$ cat query.cif   # mmCIF, C-alpha atoms
data_query
#
loop_
_atom_site.label_atom_id
_atom_site.label_comp_id
_atom_site.auth_asym_id
_atom_site.auth_seq_id
_atom_site.Cartn_x
_atom_site.Cartn_y
_atom_site.Cartn_z
CA MET A 1 177.38 154.83 -14.10
CA ILE A 2 176.03 154.57 -10.57
CA GLU A 3 175.32 158.12 -9.40
CA LEU A 4 176.44 159.23 -5.96
CA ASP A 5 175.49 162.44 -4.16
CA PHE A 6 178.62 164.55 -4.58
CA LYS A 7 176.78 167.77 -3.72
CA LYS A 8 176.96 167.66 0.09
CA THR A 9 180.68 167.96 0.85
CA ASP A 10 182.15 170.11 -1.94
CA GLY A 11 182.18 167.18 -4.35
CA LEU A 12 183.88 164.79 -1.94
CA ILE A 13 182.43 161.64 -0.36
CA PRO A 14 184.07 159.51 2.35
CA ALA A 15 185.18 156.07 1.16
CA ILE A 16 185.93 153.37 3.71
CA ALA A 17 188.41 150.66 2.75
CA GLN A 18 187.79 147.34 4.48
CA ASP A 19 189.82 144.15 4.07
CA PHE A 20 187.60 141.82 2.06
CA ASP A 21 188.80 138.70 3.87
CA THR A 22 189.23 139.78 7.48
CA GLY A 23 186.75 142.67 7.76
CA GLU A 24 189.42 144.93 9.26
CA VAL A 25 188.81 148.61 8.47
CA LEU A 26 192.06 149.77 6.90
CA MET A 27 191.55 153.45 6.06
CA MET A 28 189.17 156.23 5.12
CA ALA A 29 189.80 158.76 2.39
CA PHE A 30 187.67 160.91 0.13
CA ILE A 31 186.60 160.31 -3.45
CA ASN A 32 185.34 162.75 -6.06
CA GLU A 33 183.38 161.87 -9.18
CA GLU A 34 186.51 161.16 -11.22
CA SER A 35 187.92 158.82 -8.51
CA TRP A 36 184.61 156.99 -8.39
CA LYS A 37 184.52 156.54 -12.18
CA LEU A 38 188.11 155.28 -12.30
CA THR A 39 187.61 152.93 -9.34
CA LEU A 40 184.58 151.36 -11.04
CA GLU A 41 186.28 151.16 -14.43
CA THR A 42 189.68 149.85 -13.37
CA GLY A 43 188.88 147.73 -10.31
CA VAL A 44 191.68 149.52 -8.47
CA VAL A 45 190.90 152.12 -5.79
CA HIS A 46 191.37 155.80 -6.67
CA TYR A 47 190.83 158.49 -4.04
CA TRP A 48 191.10 162.27 -4.03
CA SER A 49 193.98 163.63 -2.00
CA ARG A 50 192.85 166.69 -0.03
CA SER A 51 196.41 167.56 1.06
CA ARG A 52 197.80 167.39 -2.49
CA ASN A 53 194.53 168.46 -4.13
CA LYS A 54 194.79 165.84 -6.84
CA LEU A 55 193.57 162.47 -7.99
CA TRP A 56 195.28 159.75 -5.97
CA LYS A 57 195.62 156.21 -7.19
CA LYS A 58 196.28 154.49 -3.89
CA GLY A 59 199.69 152.83 -4.03
CA GLU A 60 200.94 154.91 -6.95
CA SER A 61 204.23 155.58 -5.19
CA SER A 62 204.45 152.64 -2.74
CA GLY A 63 203.06 149.98 -5.09
CA ASN A 64 200.56 149.06 -2.37
CA ILE A 65 197.46 149.28 -4.55
CA GLN A 66 193.99 148.25 -3.44
CA GLU A 67 192.14 145.73 -5.60
CA VAL A 68 188.36 146.07 -5.45
CA LYS A 69 186.53 142.89 -4.46
CA GLU A 70 183.14 144.40 -3.67
CA ILE A 71 181.64 147.89 -3.43
CA ARG A 72 178.71 148.91 -1.26
CA VAL A 73 176.88 152.25 -1.30
CA ASP A 74 175.09 153.65 1.74
CA CYS A 75 171.40 154.55 2.05
CA ASP A 76 171.98 158.25 1.25
CA ASP A 77 174.37 157.72 -1.69
CA ASP A 78 176.95 159.79 0.14
CA CYS A 79 179.40 157.19 1.43
CA VAL A 80 180.93 154.06 -0.08
CA LEU A 81 182.38 150.94 1.46
CA LEU A 82 185.19 149.45 -0.60
CA LYS A 83 185.94 145.83 0.23
CA ILE A 84 189.43 145.32 -1.03
CA ARG A 85 192.55 143.24 -1.16
CA GLN A 86 195.47 145.33 0.07
CA VAL A 87 198.60 144.63 -1.96
CA GLY A 88 201.71 144.80 0.24
CA ASP A 89 199.55 144.17 3.28
CA ALA A 90 199.73 147.75 4.61
CA ALA A 91 197.27 150.53 3.84
CA CYS A 92 198.78 153.24 6.05
CA HIS A 93 201.63 155.49 4.96
CA THR A 94 203.14 155.03 8.43
CA GLY A 95 203.73 151.37 7.61
CA PHE A 96 200.92 150.01 9.75
CA ARG A 97 198.45 147.59 8.24
CA SER A 98 195.53 149.88 9.13
CA CYS A 99 195.44 153.64 9.64
CA PHE A 100 193.42 152.92 12.80
CA TYR A 101 196.40 151.53 14.71
CA ARG A 102 195.73 153.65 17.82
CA LYS A 103 193.12 152.81 20.39
CA VAL A 104 191.52 154.93 23.09
CA LYS A 105 192.53 153.56 26.49
CA ASP A 106 192.09 155.33 29.84
CA GLY A 107 191.67 158.69 28.12
CA ALA A 108 194.78 158.39 25.92
CA LEU A 109 195.76 156.85 22.59
CA VAL A 110 197.82 153.67 22.68
CA THR A 111 199.38 152.01 19.64
CA GLU A 112 197.97 148.61 18.94
CA GLY A 113 198.50 147.56 15.37
CA GLU A 114 200.72 145.56 13.13
CA LYS A 115 203.60 147.44 11.52
CA VAL A 116 204.28 145.92 8.11
CA PHE A 117 206.98 148.16 6.66
CA ASP A 118 209.31 151.02 7.51
CA PRO A 119 208.12 154.15 5.66
CA GLU A 120 211.71 155.23 4.96
CA ASP A 121 212.30 152.05 2.94
CA VAL A 122 209.22 152.71 0.84
CA TYR A 123 209.05 156.47 0.43
CA GLY A 124 212.71 157.36 1.10
CA ALA A 125 214.23 159.12 4.10
CA LYS A 126 212.50 162.23 5.37
CA GLY A 127 214.39 165.35 4.29
CA MET B 1 190.55 164.85 26.21
CA ILE B 2 192.01 163.25 23.11
CA GLU B 3 192.34 166.00 20.50
CA LEU B 4 191.18 165.37 16.95
CA ASP B 5 191.81 167.57 13.92
CA PHE B 6 188.45 169.27 13.45
CA LYS B 7 189.93 171.99 11.22
CA LYS B 8 189.84 170.23 7.85
CA THR B 9 186.15 169.76 7.14
CA ASP B 10 184.38 172.71 8.75
CA GLY B 11 184.62 171.13 12.18
CA LEU B 12 183.27 167.75 11.11
CA ILE B 13 185.11 164.41 11.01
CA PRO B 14 183.80 161.14 9.54
CA ALA B 15 183.06 158.47 12.14
CA ILE B 16 182.69 154.85 11.03
CA ALA B 17 180.51 152.56 13.14
CA GLN B 18 181.53 148.91 13.00
CA ASP B 19 179.88 146.02 14.80
CA PHE B 20 182.30 145.05 17.56
CA ASP B 21 181.50 141.35 17.32
CA THR B 22 181.04 140.69 13.61
CA GLY B 23 183.19 143.44 12.05
CA GLU B 24 180.31 144.50 9.79
CA VAL B 25 180.49 148.19 8.87
CA LEU B 26 177.09 149.56 9.88
CA MET B 27 177.15 153.26 9.03
CA MET B 28 179.19 156.42 8.60
CA ALA B 29 178.21 159.80 9.97
CA PHE B 30 180.02 162.95 11.02
CA ILE B 31 181.05 164.10 14.49
CA ASN B 32 181.96 167.55 15.74
CA GLU B 33 183.92 168.34 18.88
CA GLU B 34 180.83 168.24 21.09
CA SER B 35 179.78 164.81 19.73
CA TRP B 36 183.28 163.50 20.33
CA LYS B 37 183.32 164.76 23.92
CA LEU B 38 179.89 163.27 24.66
CA THR B 39 180.74 159.95 23.03
CA LEU B 40 183.88 159.64 25.15
CA GLU B 41 182.11 160.73 28.35
CA THR B 42 178.91 158.70 28.05
CA GLY B 43 180.04 155.56 26.18
CA VAL B 44 177.10 156.05 23.83
CA VAL B 45 177.64 157.30 20.26
CA HIS B 46 176.74 160.91 19.47
CA TYR B 47 177.03 162.23 15.92
CA TRP B 48 176.34 165.58 14.28
CA SER B 49 173.38 165.59 11.92
CA ARG B 50 174.19 167.60 8.80
CA SER B 51 170.60 167.49 7.54
CA ARG B 52 169.14 168.74 10.84
CA ASN B 53 172.22 170.78 11.76
CA LYS B 54 172.19 169.59 15.35
CA LEU B 55 173.76 167.20 17.82
CA TRP B 56 172.43 163.70 17.21
CA LYS B 57 172.45 161.03 19.87
CA LYS B 58 172.09 157.97 17.65
CA GLY B 59 168.88 156.16 18.61
CA GLU B 60 167.33 159.17 20.37
CA SER B 61 164.01 158.60 18.58
CA SER B 62 164.19 154.89 17.67
CA GLY B 63 165.83 153.71 20.89
CA ASN B 64 168.48 151.98 18.78
CA ILE B 65 171.48 153.47 20.54
CA GLN B 66 175.08 152.46 19.92
CA GLU B 67 177.15 151.36 22.88
CA VAL B 68 180.86 152.01 22.51
CA LYS B 69 183.07 148.96 22.96
CA GLU B 70 186.27 150.36 21.48
CA ILE B 71 187.40 153.55 19.72
CA ARG B 72 190.25 153.86 17.25
CA VAL B 73 191.67 157.06 15.79
CA ASP B 74 193.37 157.21 12.40
CA CYS B 75 196.94 158.29 11.63
CA ASP B 76 195.93 161.88 10.76
CA ASP B 77 193.54 162.42 13.70
CA ASP B 78 190.77 163.16 11.22
CA CYS B 79 188.67 160.01 11.25
CA VAL B 80 187.49 157.69 14.01
CA LEU B 81 186.44 154.07 14.02
CA LEU B 82 183.75 153.30 16.58
CA LYS B 83 183.45 149.63 17.43
CA ILE B 84 180.02 149.33 18.88
CA ARG B 85 177.13 147.16 19.98
CA GLN B 86 174.03 148.18 18.06
CA VAL B 87 170.95 148.07 20.27
CA GLY B 88 167.89 146.92 18.30
CA ASP B 89 170.20 145.26 15.79
CA ALA B 90 169.63 147.86 13.04
CA ALA B 91 171.74 150.97 12.44
CA CYS B 92 170.00 152.26 9.31
CA HIS B 93 166.88 154.42 9.42
CA THR B 94 165.52 152.31 6.52
CA GLY B 95 165.33 149.32 8.86
CA PHE B 96 168.34 147.52 7.44
CA ARG B 97 171.02 146.30 9.78
CA SER B 98 173.67 148.29 7.91
CA CYS B 99 173.36 151.45 5.81
CA PHE B 100 175.54 149.66 3.25
CA TYR B 101 172.79 147.26 2.19
CA ARG B 102 173.29 147.86 -1.53
CA LYS B 103 176.05 146.28 -3.54
CA VAL B 104 177.44 147.20 -6.95
CA LYS B 105 176.70 144.40 -9.39
CA ASP B 106 177.02 144.58 -13.19
CA GLY B 107 177.02 148.38 -13.11
CA ALA B 108 173.91 148.70 -10.92
CA LEU B 109 173.01 148.66 -7.23
CA VAL B 110 171.32 145.55 -5.88
CA THR B 111 169.88 145.22 -2.39
CA GLU B 112 171.64 142.62 -0.31
CA GLY B 113 171.14 143.16 3.36
CA GLU B 114 169.13 142.10 6.32
CA LYS B 115 166.00 144.16 7.05
CA VAL B 116 165.41 144.18 10.77
CA PHE B 117 162.44 146.52 11.21
CA ASP B 118 159.81 148.42 9.25
CA PRO B 119 160.59 152.15 9.53
CA GLU B 120 156.87 152.99 9.78
CA ASP B 121 156.60 150.97 12.99
CA VAL B 122 159.52 152.83 14.53
CA TYR B 123 159.24 156.39 13.26
CA GLY B 124 155.52 156.44 12.37
CA ALA B 125 153.86 156.57 8.94
CA LYS B 126 155.29 159.06 6.45
CA GLY B 127 153.10 162.16 6.33
#

$ encode --input "query.cif" --output "structure tokens"
Amino acid sequence: MIELDFKKTDGLIPAIAQDFDTGEVLMMAFINEESWKLTLETGVVHYWSRSRNKLWKKGESSGNIQEVKEIRVDCDDDCVLLKIRQVGDAACHTGFRSCFYRKVKDGALVTEGEKVFDPEDVYGAKG
Amino acid sequence: MIELDFKKTDGLIPAIAQDFDTGEVLMMAFINEESWKLTLETGVVHYWSRSRNKLWKKGESSGNIQEVKEIRVDCDDDCVLLKIRQVGDAACHTGFRSCFYRKVKDGALVTEGEKVFDPEDVYGAKG
């Protein structure tokens, strides 16, 4: 297996998901060694959820999985770039295509992104 | 100032640098609150160097600074996407245009990237 440097950040490395066709950066999340192994083996992106403290197969609840088209590793072996095909067309849990749907403008954040789904339809109403 | 969530990772947030024109992901490094403030104020990217444990104005020794064209913030306020113009055309200290110059192929890493400069010419011969 290709070895990454999991020592620096408590076993977690940032992984950037980029749309393979358009080049749009869709999200960033962390991976641990197990996520990395599973992503390589299955061809489907697995992250590590810091909020839930568990392995996270992206799309496990929404069905919006990420199919790996190409993987690149950075010069220090401590970051990976996942070029993917986003099933369902939205990577963000808010329903936007990309998690980076807000832009800095005149010192504030303005929304500028494509909303693909309503989170309540996918994850159920908030309690 | 736009507030980011610097609590999660010991005050450091991943920042992704993407070529504003081509969409190529050039590098990932971390920012702290001071880097973020300086990047917003100056329009030139400042990171935090974990290896040197100090503020790092990208290009301070090579001259290859990064001019901010657009900044996007992710849904959780814990990652930023910096769309930039890379002066000198190379973001990686190895002389490659992008730090992600190696690609996973048949279970190994193969180099596939454009080398723009020889690091010895820019940083001096290795001691």

$ interface_residues --input "query.cif" --of "chain B" --to "chain A" --cutoff "8 Å" --atoms "all atoms listed in the file" --output "mmCIF file with C-alpha atoms, in the frame of the given file"
data_model
loop_
_atom_site.group_PDB
_atom_site.id
_atom_site.type_symbol
_atom_site.label_atom_id
_atom_site.label_comp_id
_atom_site.auth_asym_id
_atom_site.auth_seq_id
_atom_site.Cartn_x
_atom_site.Cartn_y
_atom_site.Cartn_z
ATOM 1 C CA MET B 1 190.550 164.850 26.210
ATOM 2 C CA ILE B 2 192.010 163.250 23.110
ATOM 3 C CA PRO B 14 183.800 161.140 9.540
ATOM 4 C CA GLY B 23 183.190 143.440 12.050
ATOM 5 C CA GLU B 24 180.310 144.500 9.790
ATOM 6 C CA MET B 27 177.150 153.260 9.030
ATOM 7 C CA MET B 28 179.190 156.420 8.600
ATOM 8 C CA GLU B 70 186.270 150.360 21.480
ATOM 9 C CA ILE B 71 187.400 153.550 19.720
ATOM 10 C CA ARG B 72 190.250 153.860 17.250
ATOM 11 C CA VAL B 73 191.670 157.060 15.790
ATOM 12 C CA ASP B 74 193.370 157.210 12.400
ATOM 13 C CA CYS B 75 196.940 158.290 11.630
ATOM 14 C CA CYS B 79 188.670 160.010 11.250
ATOM 15 C CA VAL B 80 187.490 157.690 14.010
ATOM 16 C CA LEU B 81 186.440 154.070 14.020
ATOM 17 C CA CYS B 92 170.000 152.260 9.310
ATOM 18 C CA THR B 94 165.520 152.310 6.520
ATOM 19 C CA CYS B 99 173.360 151.450 5.810
ATOM 20 C CA PHE B 100 175.540 149.660 3.250
ATOM 21 C CA TYR B 101 172.790 147.260 2.190
ATOM 22 C CA ARG B 102 173.290 147.860 -1.530
ATOM 23 C CA LYS B 103 176.050 146.280 -3.540
ATOM 24 C CA VAL B 104 177.440 147.200 -6.950
ATOM 25 C CA GLY B 107 177.020 148.380 -13.110
ATOM 26 C CA ALA B 108 173.910 148.700 -10.920
ATOM 27 C CA LEU B 109 173.010 148.660 -7.230
#

$ closest_residue --input "query.cif" --among "A:Asp5, A:Glu120, A:Asp19, A:Glu34" --to "Arg97 of chain A" --atoms "all atoms listed in the file"
A:Asp19

$ residues_around --input "query.cif" --residues "Gly95 of chain B" --least-positions-apart "3" --cutoff "9 Å" --atoms "all atoms listed in the file" --output "PyMOL selection string"
chain B and resi 90-92+98-99+114-119+122

$ write_last_selection --input "query.cif" --atoms "C-alpha atoms" --output "PDB file, in the frame of the given file"
ATOM      1  CA  ALA B  90     169.630 147.860  13.040  1.00  0.00           C
ATOM      2  CA  ALA B  91     171.740 150.970  12.440  1.00  0.00           C
ATOM      3  CA  CYS B  92     170.000 152.260   9.310  1.00  0.00           C
ATOM      4  CA  SER B  98     173.670 148.290   7.910  1.00  0.00           C
ATOM      5  CA  CYS B  99     173.360 151.450   5.810  1.00  0.00           C
ATOM      6  CA  GLU B 114     169.130 142.100   6.320  1.00  0.00           C
ATOM      7  CA  LYS B 115     166.000 144.160   7.050  1.00  0.00           C
ATOM      8  CA  VAL B 116     165.410 144.180  10.770  1.00  0.00           C
ATOM      9  CA  PHE B 117     162.440 146.520  11.210  1.00  0.00           C
ATOM     10  CA  ASP B 118     159.810 148.420   9.250  1.00  0.00           C
ATOM     11  CA  PRO B 119     160.590 152.150   9.530  1.00  0.00           C
ATOM     12  CA  VAL B 122     159.520 152.830  14.530  1.00  0.00           C
TER      13      VAL B 122
END

$ residues_around --input "query.cif" --residues "Ile84 of chain B" --least-positions-apart "3" --cutoff "6 Å" --atoms "only C-alpha atoms" --output "PyMOL selection string"
chain B and resi 19-20+66-69

$ atom_distance --input "query.cif" --atom1 "atom CA of Ser35 of chain A" --atom2 "atom CA of Arg85 of chain A"
17.8 Å

$ residues_around --input "query.cif" --residues "Gly11 of chain A" --least-positions-apart "4" --cutoff "8 Å" --atoms "all atoms listed in the file" --output "list in words"
Phe6, Lys7, Asn32 and Glu33 of chain A

$ atom_distance --input "query.cif" --atom1 "atom CA of Asn64 of chain B" --atom2 "atom CA of Leu4 of chain B"
26.4 Å

$ atom_distance --input "query.cif" --atom1 "atom CA of Lys83 of chain A" --atom2 "atom CA of Glu60 of chain A"
18.9 Å

$ decode --input "query.cif" --residues "segment 32-43 of chain A" --atoms "all heavy atoms" --output "PDB file, in the first residue's frame"
ATOM      1  N   ASN A  32      -7.992   8.837   7.901  1.00  0.00           N
ATOM      2  CA  ASN A  32      -6.982   8.144   8.696  1.00  0.00           C
ATOM      3  C   ASN A  32      -6.470   6.955   7.860  1.00  0.00           C
ATOM      4  O   ASN A  32      -6.866   6.812   6.688  1.00  0.00           O
ATOM      5  CB  ASN A  32      -7.541   7.714  10.061  1.00  0.00           C
ATOM      6  CG  ASN A  32      -8.607   6.646   9.932  1.00  0.00           C
ATOM      7  OD1 ASN A  32      -9.022   6.282   8.831  1.00  0.00           O
ATOM      8  ND2 ASN A  32      -9.066   6.148  11.066  1.00  0.00           N
ATOM      9  N   GLU A  33      -5.641   6.139   8.440  1.00  0.00           N
ATOM     10  CA  GLU A  33      -5.042   5.056   7.666  1.00  0.00           C
ATOM     11  C   GLU A  33      -6.114   4.078   7.147  1.00  0.00           C
ATOM     12  O   GLU A  33      -6.032   3.610   6.013  1.00  0.00           O
ATOM     13  CB  GLU A  33      -4.002   4.324   8.527  1.00  0.00           C
ATOM     14  CG  GLU A  33      -3.031   3.526   7.688  1.00  0.00           C
ATOM     15  CD  GLU A  33      -1.687   3.313   8.365  1.00  0.00           C
ATOM     16  OE1 GLU A  33      -1.520   3.686   9.543  1.00  0.00           O
ATOM     17  OE2 GLU A  33      -0.793   2.763   7.687  1.00  0.00           O
ATOM     18  N   GLU A  34      -7.102   3.806   7.965  1.00  0.00           N
ATOM     19  CA  GLU A  34      -8.155   2.872   7.552  1.00  0.00           C
ATOM     20  C   GLU A  34      -8.965   3.449   6.380  1.00  0.00           C
ATOM     21  O   GLU A  34      -9.277   2.725   5.423  1.00  0.00           O
ATOM     22  CB  GLU A  34      -9.081   2.599   8.761  1.00  0.00           C
ATOM     23  CG  GLU A  34     -10.076   1.485   8.510  1.00  0.00           C
ATOM     24  CD  GLU A  34     -11.074   1.327   9.657  1.00  0.00           C
ATOM     25  OE1 GLU A  34     -11.013   2.114  10.628  1.00  0.00           O
ATOM     26  OE2 GLU A  34     -11.921   0.420   9.562  1.00  0.00           O
ATOM     27  N   SER A  35      -9.293   4.760   6.449  1.00  0.00           N
ATOM     28  CA  SER A  35     -10.028   5.395   5.343  1.00  0.00           C
ATOM     29  C   SER A  35      -9.231   5.304   4.047  1.00  0.00           C
ATOM     30  O   SER A  35      -9.778   5.046   2.967  1.00  0.00           O
ATOM     31  CB  SER A  35     -10.258   6.892   5.596  1.00  0.00           C
ATOM     32  OG  SER A  35     -10.495   7.201   6.919  1.00  0.00           O
ATOM     33  N   TRP A  36      -7.945   5.556   4.173  1.00  0.00           N
ATOM     34  CA  TRP A  36      -7.053   5.540   3.007  1.00  0.00           C
ATOM     35  C   TRP A  36      -7.045   4.154   2.365  1.00  0.00           C
ATOM     36  O   TRP A  36      -7.203   4.011   1.154  1.00  0.00           O
ATOM     37  CB  TRP A  36      -5.650   5.964   3.462  1.00  0.00           C
ATOM     38  CG  TRP A  36      -4.543   5.924   2.454  1.00  0.00           C
ATOM     39  CD1 TRP A  36      -3.353   5.261   2.591  1.00  0.00           C
ATOM     40  CD2 TRP A  36      -4.473   6.591   1.168  1.00  0.00           C
ATOM     41  NE1 TRP A  36      -2.577   5.465   1.479  1.00  0.00           N
ATOM     42  CE2 TRP A  36      -3.227   6.267   0.604  1.00  0.00           C
ATOM     43  CE3 TRP A  36      -5.361   7.399   0.451  1.00  0.00           C
ATOM     44  CZ2 TRP A  36      -2.828   6.740  -0.654  1.00  0.00           C
ATOM     45  CZ3 TRP A  36      -4.970   7.870  -0.808  1.00  0.00           C
ATOM     46  CH2 TRP A  36      -3.717   7.531  -1.344  1.00  0.00           C
ATOM     47  N   LYS A  37      -6.886   3.125   3.190  1.00  0.00           N
ATOM     48  CA  LYS A  37      -6.861   1.736   2.721  1.00  0.00           C
ATOM     49  C   LYS A  37      -8.178   1.404   2.008  1.00  0.00           C
ATOM     50  O   LYS A  37      -8.178   0.876   0.887  1.00  0.00           O
ATOM     51  CB  LYS A  37      -6.651   0.826   3.940  1.00  0.00           C
ATOM     52  CG  LYS A  37      -6.302  -0.594   3.629  1.00  0.00           C
ATOM     53  CD  LYS A  37      -5.814  -1.294   4.902  1.00  0.00           C
ATOM     54  CE  LYS A  37      -5.684  -2.794   4.697  1.00  0.00           C
ATOM     55  NZ  LYS A  37      -6.963  -3.509   4.844  1.00  0.00           N
ATOM     56  N   LEU A  38      -9.284   1.749   2.626  1.00  0.00           N
ATOM     57  CA  LEU A  38     -10.594   1.422   2.055  1.00  0.00           C
ATOM     58  C   LEU A  38     -10.859   2.195   0.764  1.00  0.00           C
ATOM     59  O   LEU A  38     -11.450   1.673  -0.174  1.00  0.00           O
ATOM     60  CB  LEU A  38     -11.706   1.709   3.071  1.00  0.00           C
ATOM     61  CG  LEU A  38     -11.844   0.651   4.165  1.00  0.00           C
ATOM     62  CD1 LEU A  38     -12.755   1.143   5.280  1.00  0.00           C
ATOM     63  CD2 LEU A  38     -12.407  -0.650   3.581  1.00  0.00           C
ATOM     64  N   THR A  39     -10.421   3.457   0.721  1.00  0.00           N
ATOM     65  CA  THR A  39     -10.601   4.262  -0.484  1.00  0.00           C
ATOM     66  C   THR A  39      -9.825   3.640  -1.652  1.00  0.00           C
ATOM     67  O   THR A  39     -10.348   3.502  -2.764  1.00  0.00           O
ATOM     68  CB  THR A  39     -10.149   5.721  -0.234  1.00  0.00           C
ATOM     69  OG1 THR A  39     -10.944   6.263   0.826  1.00  0.00           O
ATOM     70  CG2 THR A  39     -10.292   6.572  -1.480  1.00  0.00           C
ATOM     71  N   LEU A  40      -8.591   3.234  -1.378  1.00  0.00           N
ATOM     72  CA  LEU A  40      -7.773   2.602  -2.425  1.00  0.00           C
ATOM     73  C   LEU A  40      -8.384   1.261  -2.862  1.00  0.00           C
ATOM     74  O   LEU A  40      -8.448   0.955  -4.054  1.00  0.00           O
ATOM     75  CB  LEU A  40      -6.347   2.352  -1.915  1.00  0.00           C
ATOM     76  CG  LEU A  40      -5.434   3.564  -1.744  1.00  0.00           C
ATOM     77  CD1 LEU A  40      -4.119   3.145  -1.089  1.00  0.00           C
ATOM     78  CD2 LEU A  40      -5.160   4.256  -3.081  1.00  0.00           C
ATOM     79  N   GLU A  41      -8.829   0.485  -1.908  1.00  0.00           N
ATOM     80  CA  GLU A  41      -9.336  -0.857  -2.204  1.00  0.00           C
ATOM     81  C   GLU A  41     -10.681  -0.855  -2.924  1.00  0.00           C
ATOM     82  O   GLU A  41     -10.922  -1.666  -3.804  1.00  0.00           O
ATOM     83  CB  GLU A  41      -9.494  -1.650  -0.893  1.00  0.00           C
ATOM     84  CG  GLU A  41      -8.197  -2.254  -0.403  1.00  0.00           C
ATOM     85  CD  GLU A  41      -8.362  -2.932   0.968  1.00  0.00           C
ATOM     86  OE1 GLU A  41      -9.523  -3.058   1.436  1.00  0.00           O
ATOM     87  OE2 GLU A  41      -7.339  -3.291   1.565  1.00  0.00           O
ATOM     88  N   THR A  42     -11.566   0.059  -2.501  1.00  0.00           N
ATOM     89  CA  THR A  42     -12.942   0.003  -3.006  1.00  0.00           C
ATOM     90  C   THR A  42     -13.206   0.953  -4.175  1.00  0.00           C
ATOM     91  O   THR A  42     -14.184   0.781  -4.897  1.00  0.00           O
ATOM     92  CB  THR A  42     -13.945   0.369  -1.888  1.00  0.00           C
ATOM     93  OG1 THR A  42     -13.702   1.735  -1.494  1.00  0.00           O
ATOM     94  CG2 THR A  42     -13.782  -0.539  -0.682  1.00  0.00           C
ATOM     95  N   GLY A  43     -12.370   1.988  -4.321  1.00  0.00           N
ATOM     96  CA  GLY A  43     -12.623   2.973  -5.366  1.00  0.00           C
ATOM     97  C   GLY A  43     -13.747   3.930  -5.001  1.00  0.00           C
ATOM     98  O   GLY A  43     -14.260   4.670  -5.849  1.00  0.00           O
TER      99      GLY A  43
END
